[in-house]
Structures are given as C-alpha cells and as structure tokens.
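> My structure is in start09.cif, and what it holds is mmCIF, C-alpha atoms:
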data_target
#
loop_
_atom_site.label_atom_id
_atom_site.label_comp_id
_atom_site.auth_asym_id
_atom_site.auth_seq_id
_atom_site.Cartn_x
_atom_site.Cartn_y
_atom_site.Cartn_z
CA MET A 1 105.77 123.18 54.25
CA ALA A 2 103.62 120.39 52.87
CA LEU A 3 104.76 116.83 53.47
CA PRO A 4 105.69 114.67 50.49
CA LYS A 5 102.65 112.71 49.35
CA TRP A 6 104.09 109.29 50.24
CA ILE A 7 104.96 110.39 53.78
CA LYS A 8 101.49 111.83 54.29
CA ARG A 9 99.84 108.64 53.02
CA THR A 10 102.06 106.54 55.29
CA ILE A 11 101.13 108.61 58.34
CA ASP A 12 97.44 108.53 57.39
CA PHE A 13 97.64 104.76 56.87
CA PHE A 14 99.10 104.03 60.30
CA ALA A 15 96.73 106.50 61.99
CA THR A 16 93.80 104.73 60.34
CA ILE A 17 95.09 101.33 61.48
CA ILE A 18 95.49 102.61 65.06
CA LEU A 19 91.92 103.89 65.04
CA TRP A 20 90.50 100.60 63.79
CA VAL A 21 92.55 98.62 66.28
CA TYR A 22 91.11 100.73 69.09
CA PHE A 23 87.62 100.52 67.60
CA THR A 24 87.84 96.73 67.65
CA LEU A 25 90.00 95.84 70.64
CA GLY A 26 88.92 98.82 72.72
CA PHE A 27 85.33 97.77 72.29
CA LEU A 28 86.01 94.09 73.01
CA ILE A 29 88.29 94.64 76.01
CA LEU A 30 86.94 97.81 77.62
CA PHE A 31 83.28 98.05 76.66
CA ALA A 32 81.93 94.63 75.71
CA PRO A 33 82.04 93.46 79.38
CA LEU A 34 80.02 96.55 80.35
CA TYR A 35 77.43 95.86 77.67
CA CYS A 36 77.17 92.25 78.87
CA TYR A 37 76.72 93.37 82.48
CA SER A 38 74.03 95.84 81.46
CA TYR A 39 72.25 93.23 79.37
CA PHE A 40 71.84 90.91 82.34
CA PHE A 41 71.46 93.34 85.23
CA SER A 42 70.25 96.73 84.00
CA LYS A 43 66.70 97.78 84.89
CA ASN A 44 66.57 99.99 81.79
CA LEU A 45 68.55 98.18 79.10
CA GLU A 46 67.89 100.70 76.35
CA PHE A 47 69.13 103.67 78.37
CA SER A 48 72.13 101.72 79.71
CA PHE A 49 73.19 100.84 76.18
CA GLN A 50 72.75 104.43 75.04
CA LYS A 51 75.03 105.66 77.84
CA LEU A 52 77.64 103.07 76.90
CA ASN A 53 77.37 104.06 73.24
CA GLN A 54 78.05 107.65 74.22
CA ARG A 55 81.06 106.74 76.33
CA PHE A 56 82.55 104.45 73.69
CA PHE A 57 82.28 107.00 70.89
CA LYS A 58 83.47 109.78 73.17
CA SER A 59 86.60 107.71 73.84
CA LEU A 60 86.96 107.15 70.09
CA PHE A 61 87.17 110.89 69.48
CA LYS A 62 89.86 111.12 72.15
CA VAL A 63 91.83 108.66 70.03
CA PHE A 64 91.25 110.92 67.02
CA LEU A 65 92.78 113.82 68.95
CA ILE A 66 95.84 111.72 69.82
CA ILE A 67 96.54 110.40 66.32
CA THR A 68 95.76 113.73 64.62
CA PRO A 69 97.95 116.41 66.26
CA GLY A 70 96.45 119.24 64.20
CA LEU A 71 92.88 118.33 65.13
CA SER A 72 90.69 120.17 67.60
CA ILE A 73 87.00 119.69 68.37
CA HIS A 74 84.76 122.57 69.41
CA ILE A 75 81.22 121.90 70.63
CA ASP A 76 79.06 124.86 71.62
CA ASP A 77 78.04 124.58 75.27
CA GLU A 78 74.36 124.98 74.43
CA VAL A 79 74.47 121.79 72.33
CA TYR A 80 75.10 119.70 75.45
CA SER A 81 71.97 121.12 77.10
CA ILE A 82 69.57 119.86 74.41
CA ARG A 83 66.89 117.54 75.76
CA SER A 84 63.53 116.13 74.60
CA SER A 85 64.06 117.29 71.03
CA VAL A 86 64.18 116.18 67.44
CA ILE A 87 67.63 117.25 66.31
CA LEU A 88 68.12 118.02 62.63
CA CYS A 89 71.66 118.15 61.34
CA ASN A 90 73.56 118.44 58.09
CA HIS A 91 75.48 115.35 56.97
CA ILE A 92 78.97 115.46 55.45
CA SER A 93 80.81 112.40 56.79
CA TYR A 94 80.35 108.93 58.29
CA LEU A 95 81.74 110.51 61.47
CA ASP A 96 78.66 112.69 61.95
CA SER A 97 76.53 109.94 63.47
CA ILE A 98 79.09 108.78 66.01
CA LEU A 99 79.93 112.38 66.88
CA LEU A 100 76.30 113.12 67.75
CA VAL A 101 76.02 109.89 69.75
CA SER A 102 79.09 110.97 71.72
CA LEU A 103 77.40 114.26 72.71
CA PHE A 104 74.16 112.99 74.22
CA GLU A 105 73.74 110.46 77.00
CA LYS A 106 70.21 109.63 75.93
CA GLN A 107 70.04 109.44 72.17
CA LYS A 108 68.40 107.62 69.27
CA THR A 109 68.67 107.89 65.52
CA ILE A 110 67.38 106.14 62.43
CA VAL A 111 69.51 103.53 60.67
CA LYS A 112 69.04 101.36 57.61
CA ARG A 113 67.34 98.05 58.32
CA THR A 114 70.21 96.25 56.56
CA PHE A 115 72.42 97.04 59.58
CA LEU A 116 70.40 94.51 61.58
CA LYS A 117 72.31 91.82 59.67
CA VAL A 118 75.72 93.13 60.79
CA PRO A 119 77.10 90.90 63.59
CA ILE A 120 77.22 92.55 67.02
CA PHE A 121 76.52 96.02 65.62
CA GLY A 122 72.99 95.14 64.55
CA TRP A 123 72.25 93.61 67.94
CA LEU A 124 73.66 96.64 69.78
CA VAL A 125 71.73 99.28 67.88
CA LYS A 126 68.51 97.28 68.21
CA ARG A 127 68.97 96.93 71.98
CA SER A 128 69.81 100.65 72.12
CA GLY A 129 66.35 101.45 70.82
CA PHE A 130 67.48 102.86 67.49
CA LEU A 131 64.85 103.03 64.76
CA PHE A 132 65.06 101.12 61.49
CA GLN A 133 63.86 101.65 57.96
CA THR A 134 64.47 100.18 54.54
CA ALA A 135 65.56 102.26 51.55
CA GLU A 136 62.00 102.07 50.23
CA GLU A 137 60.61 103.35 53.56
CA THR A 138 62.69 106.52 53.63
CA PHE A 139 60.73 108.73 56.03
CA THR A 140 57.32 107.72 54.69
CA SER A 141 54.20 108.10 56.80
CA SER A 142 54.07 104.33 57.41
CA VAL A 143 57.51 104.43 59.00
CA VAL A 144 56.65 107.45 61.13
CA GLN A 145 53.58 105.66 62.47
CA GLY A 146 55.76 102.74 63.54
CA PHE A 147 57.63 104.74 66.17
CA GLU A 148 55.26 103.70 68.92
CA ASN A 149 57.13 104.79 72.04
CA LEU A 150 59.04 107.72 70.63
CA GLU A 151 56.81 110.42 72.10
CA ASN A 152 57.30 109.09 75.64
CA TYR A 153 61.01 108.74 74.99
CA LEU A 154 61.28 112.40 74.00
CA LEU A 155 59.25 113.47 77.02
CA SER A 156 61.75 111.62 79.24
CA GLU A 157 64.57 113.92 78.03
CA GLY A 158 65.72 111.68 75.20
CA ASN A 159 66.83 113.11 71.86
CA LEU A 160 66.24 111.79 68.36
CA PHE A 161 68.76 113.05 65.84
CA VAL A 162 68.06 112.83 62.12
CA PHE A 163 69.89 113.87 58.97
CA PRO A 164 66.97 115.24 56.95
CA GLU A 165 68.94 115.18 53.69
CA GLY A 166 68.88 111.39 53.96
CA THR A 167 72.44 110.97 52.72
CA ARG A 168 75.86 112.56 52.98
CA SER A 169 76.67 115.66 50.97
CA ARG A 170 79.91 115.30 49.03
CA ASP A 171 80.39 119.01 48.40
CA GLY A 172 78.90 120.62 51.51
CA VAL A 173 75.81 121.82 49.61
CA ILE A 174 72.59 121.15 51.50
CA GLY A 175 70.50 118.57 49.66
CA ARG A 176 66.73 118.34 49.44
CA LEU A 177 65.22 117.97 52.91
CA GLN A 178 62.87 115.04 53.37
CA LYS A 179 59.54 115.39 55.15
CA GLY A 180 59.86 112.42 57.48
CA ALA A 181 61.93 114.04 60.21
CA PHE A 182 59.49 116.95 60.33
CA ASN A 183 56.53 114.56 60.43
CA ILE A 184 58.13 112.79 63.38
CA ALA A 185 58.52 116.08 65.25
CA LYS A 186 54.92 117.04 64.46
CA ARG A 187 53.56 113.66 65.55
CA CYS A 188 55.44 113.87 68.87
CA ARG A 189 54.77 117.62 69.34
CA ALA A 190 58.52 117.94 69.89
CA PRO A 191 60.75 121.01 69.70
CA ILE A 192 63.25 121.06 66.86
CA GLN A 193 66.93 121.84 67.34
CA VAL A 194 68.96 122.53 64.19
CA LEU A 195 72.67 121.75 64.38
CA MET A 196 75.49 122.44 61.97
CA ILE A 197 78.51 120.15 61.81
CA LYS A 198 81.64 121.41 60.08
CA ASN A 199 84.86 119.75 58.93
CA THR A 200 84.25 116.09 59.78
CA ASN A 201 84.58 115.54 56.02
CA LYS A 202 88.11 116.99 56.15
CA LEU A 203 89.11 114.24 58.59
CA PHE A 204 87.20 111.41 56.94
CA GLY A 205 85.67 112.33 53.63
CA PRO A 206 83.02 110.54 51.56
CA GLY A 207 84.56 107.87 49.35
CA LYS A 208 87.81 107.79 51.35
CA TRP A 209 89.15 104.95 53.49
CA LEU A 210 92.18 106.74 54.96
CA LEU A 211 91.91 109.43 57.60
CA ASN A 212 93.31 112.83 56.67
CA THR A 213 95.53 113.44 59.69
CA CYS A 214 98.28 115.75 58.42
CA VAL A 215 96.36 119.00 58.10
CA PRO A 216 95.14 121.45 60.74
CA ASN A 217 91.43 120.97 61.28
CA THR A 218 88.75 122.07 63.72
CA ILE A 219 85.58 120.03 63.89
CA GLU A 220 82.67 122.17 65.04
CA VAL A 221 79.13 121.49 66.21
CA LYS A 222 76.85 124.41 66.94
CA ARG A 223 73.14 125.00 67.34
CA ILE A 224 71.97 127.39 64.64
CA MET A 225 68.25 127.37 65.40
CA SER A 226 65.81 126.29 68.09
CA ILE A 227 62.15 126.01 67.11
CA GLN A 228 59.01 125.19 69.07
CA PRO A 229 56.45 124.98 66.27
CA GLU A 230 52.77 125.56 67.01
CA TYR A 231 51.76 122.22 65.54
CA THR A 232 48.10 122.56 66.53
CA SER A 233 47.71 126.00 65.01
CA ALA A 234 45.48 126.35 61.98
CA TYR A 235 48.33 128.31 60.42
CA PHE A 236 50.95 125.61 60.89
CA SER A 237 52.63 124.63 57.62
CA LEU A 238 55.04 121.72 57.31
CA HIS A 239 56.39 123.20 54.10
CA ALA A 240 57.08 126.55 55.81
CA LEU A 241 58.84 124.77 58.67
CA MET A 242 61.03 122.85 56.24
CA GLU A 243 61.89 126.03 54.39
CA GLN A 244 62.79 127.75 57.66
CA VAL A 245 65.23 124.96 58.50
CA ARG A 246 66.67 124.91 54.99
CA GLN A 247 67.37 128.64 55.12
CA ALA A 248 69.13 128.21 58.47
CA PHE A 249 71.38 125.54 56.96
CA GLU A 250 72.10 127.63 53.87
CA LEU A 251 73.09 130.67 55.93
CA GLN A 252 75.51 128.70 58.09
CA ARG A 253 77.07 126.14 55.83
CA ALA A 254 80.76 126.35 55.08
CA PRO A 255 81.75 127.67 51.63
#
Show how you would write the structure in this file as structure tokens.

Amino acid sequence: MALPKWIKRTIDFFATIILWVYFTLGFLILFAPLYCYSYFFSKNLEFSFQKLNQRFFKSLFKVFLIITPGLSIHIDDEVYSIRSSVILCNHISYLDSILLVSLFEKQKTIVKRTFLKVPIFGWLVKRSGFLFQTAEETFTSSVVQGFENLENYLLSEGNLFVFPEGTRSRDGVIGRLQKGAFNIAKRCRAPIQVLMIKNTNKLFGPGKWLLNTCVPNTIEVKRIMSIQPEYTSAYFSLHALMEQVRQAFELQRAP
C-alpha cells in the first residue's frame, strides 16, 4: 500500500537531511584529515586523492543503503576489473559521477571549469587530476590537445570516465553523442569500455532536491561493450565507432 504523500515527503526530507549532514560532517571529521595528511606527505598526491575520493563516495553510498531500506546496488563484477580505459557511460542523475568515482581507485573525469570556483571542492578535484573545460570548450579538439599527461595516466592503469551525451537525460533516452570522448580515446590509443547505469534517477532525479527513498529500487551498473579500436587502421572511422556505441546504449537502455 502506498504511503500518504505527506508521510512520504516527510521521510524523504529527513533522509535527504541525513545524507547532507553525512556529506558535510563525514567529510570534515573522517576524511578531511586524511586529505590534509596526503597533501603534505604523499609521494603521489593525485593518486592519493583519487583513492580518498573513492573511499568517501563509497561510504556515501553505504549511507544511501541505510536511509533507503528498499534500495539495493548491483555492480557487475567485470566493471571492477576495468583498467587503462576510456569509460563511456549514459547519464541520468547527478549521482552517476560519484557512483563511478566510488567504483575505481584510480579515476579521472571531466568537470566544468566553473567548479574551480567552488570552495574546497574545486581545490580537491584539481588536486585529484580531474580535467576541466568551459561550456564553450565542450569536447573540442583544443580541449583534447590540452590533456598532456592523460596517455601516461591511462597506461598506468588509470581510468577516464566520460558521459558522451554531455548532459543528463531527463527521460532515459540517449542524447546525441559528442565526438570529444572518442577523440580522447583515439589520441591516447585507449580501449573503450561502455557502461550502462540504471535507476539512479529513481533515487535522485533531475530537477529534484529530495531523495526518493520510499520505493523499491535497484541501481545497476554493467559493462555492455568492450572495444579495442584499430585506431591506426586506414579503415578506422570515428563516426562508425560512435554509431557502434550509440547502438549499444540503445539496445540496453531501460524503457
């Protein structure tokens, strides 16, 4: 039996407050000292921050499981084994980014340059080696050429995850894929792993500020395609590669 609307909103409200309290105080009390220690003593600051990012967001999803009794999270085992790859993923919720960070110890992504102005967060993502772009630079060739050390990073078992649609889908339909992520993979001669995320939007949907905690929900992440393109082949086509990935998304996306 469905809960009355006011009861559901009350539960969602308090669950959301609990999450934000943990996000703030949990970071300040449990993780900020570790970041400070790493900043002063780590021999590889970027990697140390990436590991801490993973652990913090992994703990955040444990909080999600506590405050949302009907929630479960299923990650295919083969996802955890991904290394040295450009990961392409659909995008349906703000939770997608932090979920992917929580899965990989050595990870980078691309964020808007405006986030550099956000106190603490901007400093953290910069020290973590994340890549920045402005809205006008969205995956253009000039931005791709600026990723000077990315090829070595990928060769050292790091992953770069990108949402090639460039923005969140509000209805689950796969938007137009942008070339930039594919150009990055080509430039670095990197394998491409295609992931599908499902149901993060049911927990925290676009345009919402309250969590949706009173419905059964299973968040899923699975690898739907692994590609090692022959970039140096005379027959290589960026357009064909993009179409191959788009078809994989279309076949797997939720109705």
> Which distance in Å separates atom CA of A:Glu243 and atom CA of A:Cys188, to one decimal?
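Separating atom CA of A:Glu243 from atom CA of A:Cys188 is a distance of 20.0 Å.
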> Residues within 9 Å of (74.5, 113.1, 70.3), file coordinates, counting only C-alpha atoms: what are they? Give the list as a PDB file with C-alpha atoms, in the frame of the given file.

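Here's the written file part.pdb:
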ATOM      1  CA  GLN A  54      78.050 107.650  74.220  1.00  0.00           C
ATOM      2  CA  VAL A  79      74.470 121.790  72.330  1.00  0.00           C
ATOM      3  CA  TYR A  80      75.100 119.700  75.450  1.00  0.00           C
ATOM      4  CA  ILE A  87      67.630 117.250  66.310  1.00  0.00           C
ATOM      5  CA  SER A  97      76.530 109.940  63.470  1.00  0.00           C
ATOM      6  CA  ILE A  98      79.090 108.780  66.010  1.00  0.00           C
ATOM      7  CA  LEU A  99      79.930 112.380  66.880  1.00  0.00           C
ATOM      8  CA  LEU A 100      76.300 113.120  67.750  1.00  0.00           C
ATOM      9  CA  VAL A 101      76.020 109.890  69.750  1.00  0.00           C
ATOM     10  CA  SER A 102      79.090 110.970  71.720  1.00  0.00           C
ATOM     11  CA  LEU A 103      77.400 114.260  72.710  1.00  0.00           C
ATOM     12  CA  PHE A 104      74.160 112.990  74.220  1.00  0.00           C
ATOM     13  CA  GLU A 105      73.740 110.460  77.000  1.00  0.00           C
ATOM     14  CA  LYS A 106      70.210 109.630  75.930  1.00  0.00           C
ATOM     15  CA  GLN A 107      70.040 109.440  72.170  1.00  0.00           C
ATOM     16  CA  LYS A 108      68.400 107.620  69.270  1.00  0.00           C
ATOM     17  CA  ASN A 159      66.830 113.110  71.860  1.00  0.00           C
ATOM     18  CA  LEU A 160      66.240 111.790  68.360  1.00  0.00           C
ATOM     19  CA  PHE A 161      68.760 113.050  65.840  1.00  0.00           C
TER      20      PHE A 161
END
> So that each row is one residue of stretch 206-248 of chain A with an atom at most 12 Å from stretch 168-176 of chain A, can you give its shortest atom pair and the distance in Å to one decimal, using all atoms listed in the file, rows by chain and rising number, as a tab-separated table?

residue	atom	partner	partner_atom	distance
A:Pro206	CA	A:Arg170	CA	6.2
A:Gly207	CA	A:Arg170	CA	8.8
A:Lys208	CA	A:Arg170	CA	11.1
A:Met242	CA	A:Arg176	CA	10.0
A:Glu243	CA	A:Arg176	CA	10.3
A:Val245	CA	A:Ile174	CA	10.8
A:Arg246	CA	A:Ile174	CA	7.8
A:Gln247	CA	A:Ile174	CA	9.8
A:Ala248	CA	A:Ile174	CA	10.5
> What is the distance between atom CA of A:Cys36 and atom CA of A:Gly122, in Å to one decimal?
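One can read the atom CA of A:Cys36 to atom CA of A:Gly122 distance as 15.2 Å.
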> Quick one: apply the PyMOL selection byres ((chain A and resi 17-33) around 8) to the file and drop the selected residues here as a list in words.
Phe13, Phe14, Ala15, Thr16, Leu34, Tyr35, Cys36, Tyr37, Leu52, Phe56, Leu60, Val63, Phe64 and Ile67 of chain A
> So the first atom is atom CA of A:Pro191 and the second is atom CA of A:Pro229; what is the distance between them in Å, to one decimal place?
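Computing it gives 6.8 Å between the two atoms.
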> Need the neighbours of (66.9, 123.7, 65.7): which residues are at most 9 Å away, counting all atoms listed in the file, as a tab-separated table (two decimals) with C-alpha atoms, keeping the file's coordinate frame?

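Result saved to point-v5.tsv:
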chain	number	residue	atom	x	y	z
A	85	SER	CA	64.06	117.29	71.03
A	86	VAL	CA	64.18	116.18	67.44
A	87	ILE	CA	67.63	117.25	66.31
A	88	LEU	CA	68.12	118.02	62.63
A	89	CYS	CA	71.66	118.15	61.34
A	191	PRO	CA	60.75	121.01	69.70
A	192	ILE	CA	63.25	121.06	66.86
A	193	GLN	CA	66.93	121.84	67.34
A	194	VAL	CA	68.96	122.53	64.19
A	195	LEU	CA	72.67	121.75	64.38
A	223	ARG	CA	73.14	125.00	67.34
A	224	ILE	CA	71.97	127.39	64.64
A	225	MET	CA	68.25	127.37	65.40
A	226	SER	CA	65.81	126.29	68.09
A	227	ILE	CA	62.15	126.01	67.11
A	228	GLN	CA	59.01	125.19	69.07
A	245	VAL	CA	65.23	124.96	58.50
A	248	ALA	CA	69.13	128.21	58.47
> List the spatial neighbours of A:Val221 as a list in words - criterion: any atom at most 9 Å away, all atoms listed in the file, same-chain residues fewer than 4 positions off excluded.
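Counting all atoms listed in the file, the residues come to Ile73, His74, Ile75, Asp76, Val79, Leu100, Leu195, Met196, Ile197 and Lys198 of chain A.
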> Using all atoms listed in the file, which residue out of A:Thr68, A:Thr167, A:Ser237, A:Gln252 lies closest to A:Asn217?
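Smallest separation from A:Asn217 among the options: A:Thr68.
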> Select, from A:Ile11, A:Val111, A:Ala181, A:Ile219, the residue with the minimum atom-to-atom distance to A:Asn199, counting only C-alpha atoms.
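Of the candidates, the smallest distance to A:Asn199 is held by A:Ile219.
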> Give the answer as one residue: which of A:Phe249, A:Ser93, A:Gly166, A:Lys186 has the shortest atom-to-atom distance to A:Ser233, using all atoms listed in the file?
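Of all the options, A:Lys186 lies closest to A:Ser233.
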> With distances taken over all atoms listed in the file, which residue among A:Phe182, A:Ile66, A:Ser48, A:Leu95 lies nearest A:Gln244?
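Smallest separation from A:Gln244 among the options: A:Phe182.
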> Restricting the calculation to all atoms listed in the file, which member of A:Pro4, A:Phe130, A:Trp123, A:Thr213 is positioned closest to A:Thr200?
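Closest candidate: A:Thr213.
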> Looking at A:Thr114, A:Gln178, A:Asn201, A:Gln50, which one is nearest to A:His91, with distances taken over all atoms listed in the file?
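Of A:Thr114, A:Gln178, A:Asn201, A:Gln50, the one nearest A:His91 is A:Asn201, counting all atoms listed in the file.
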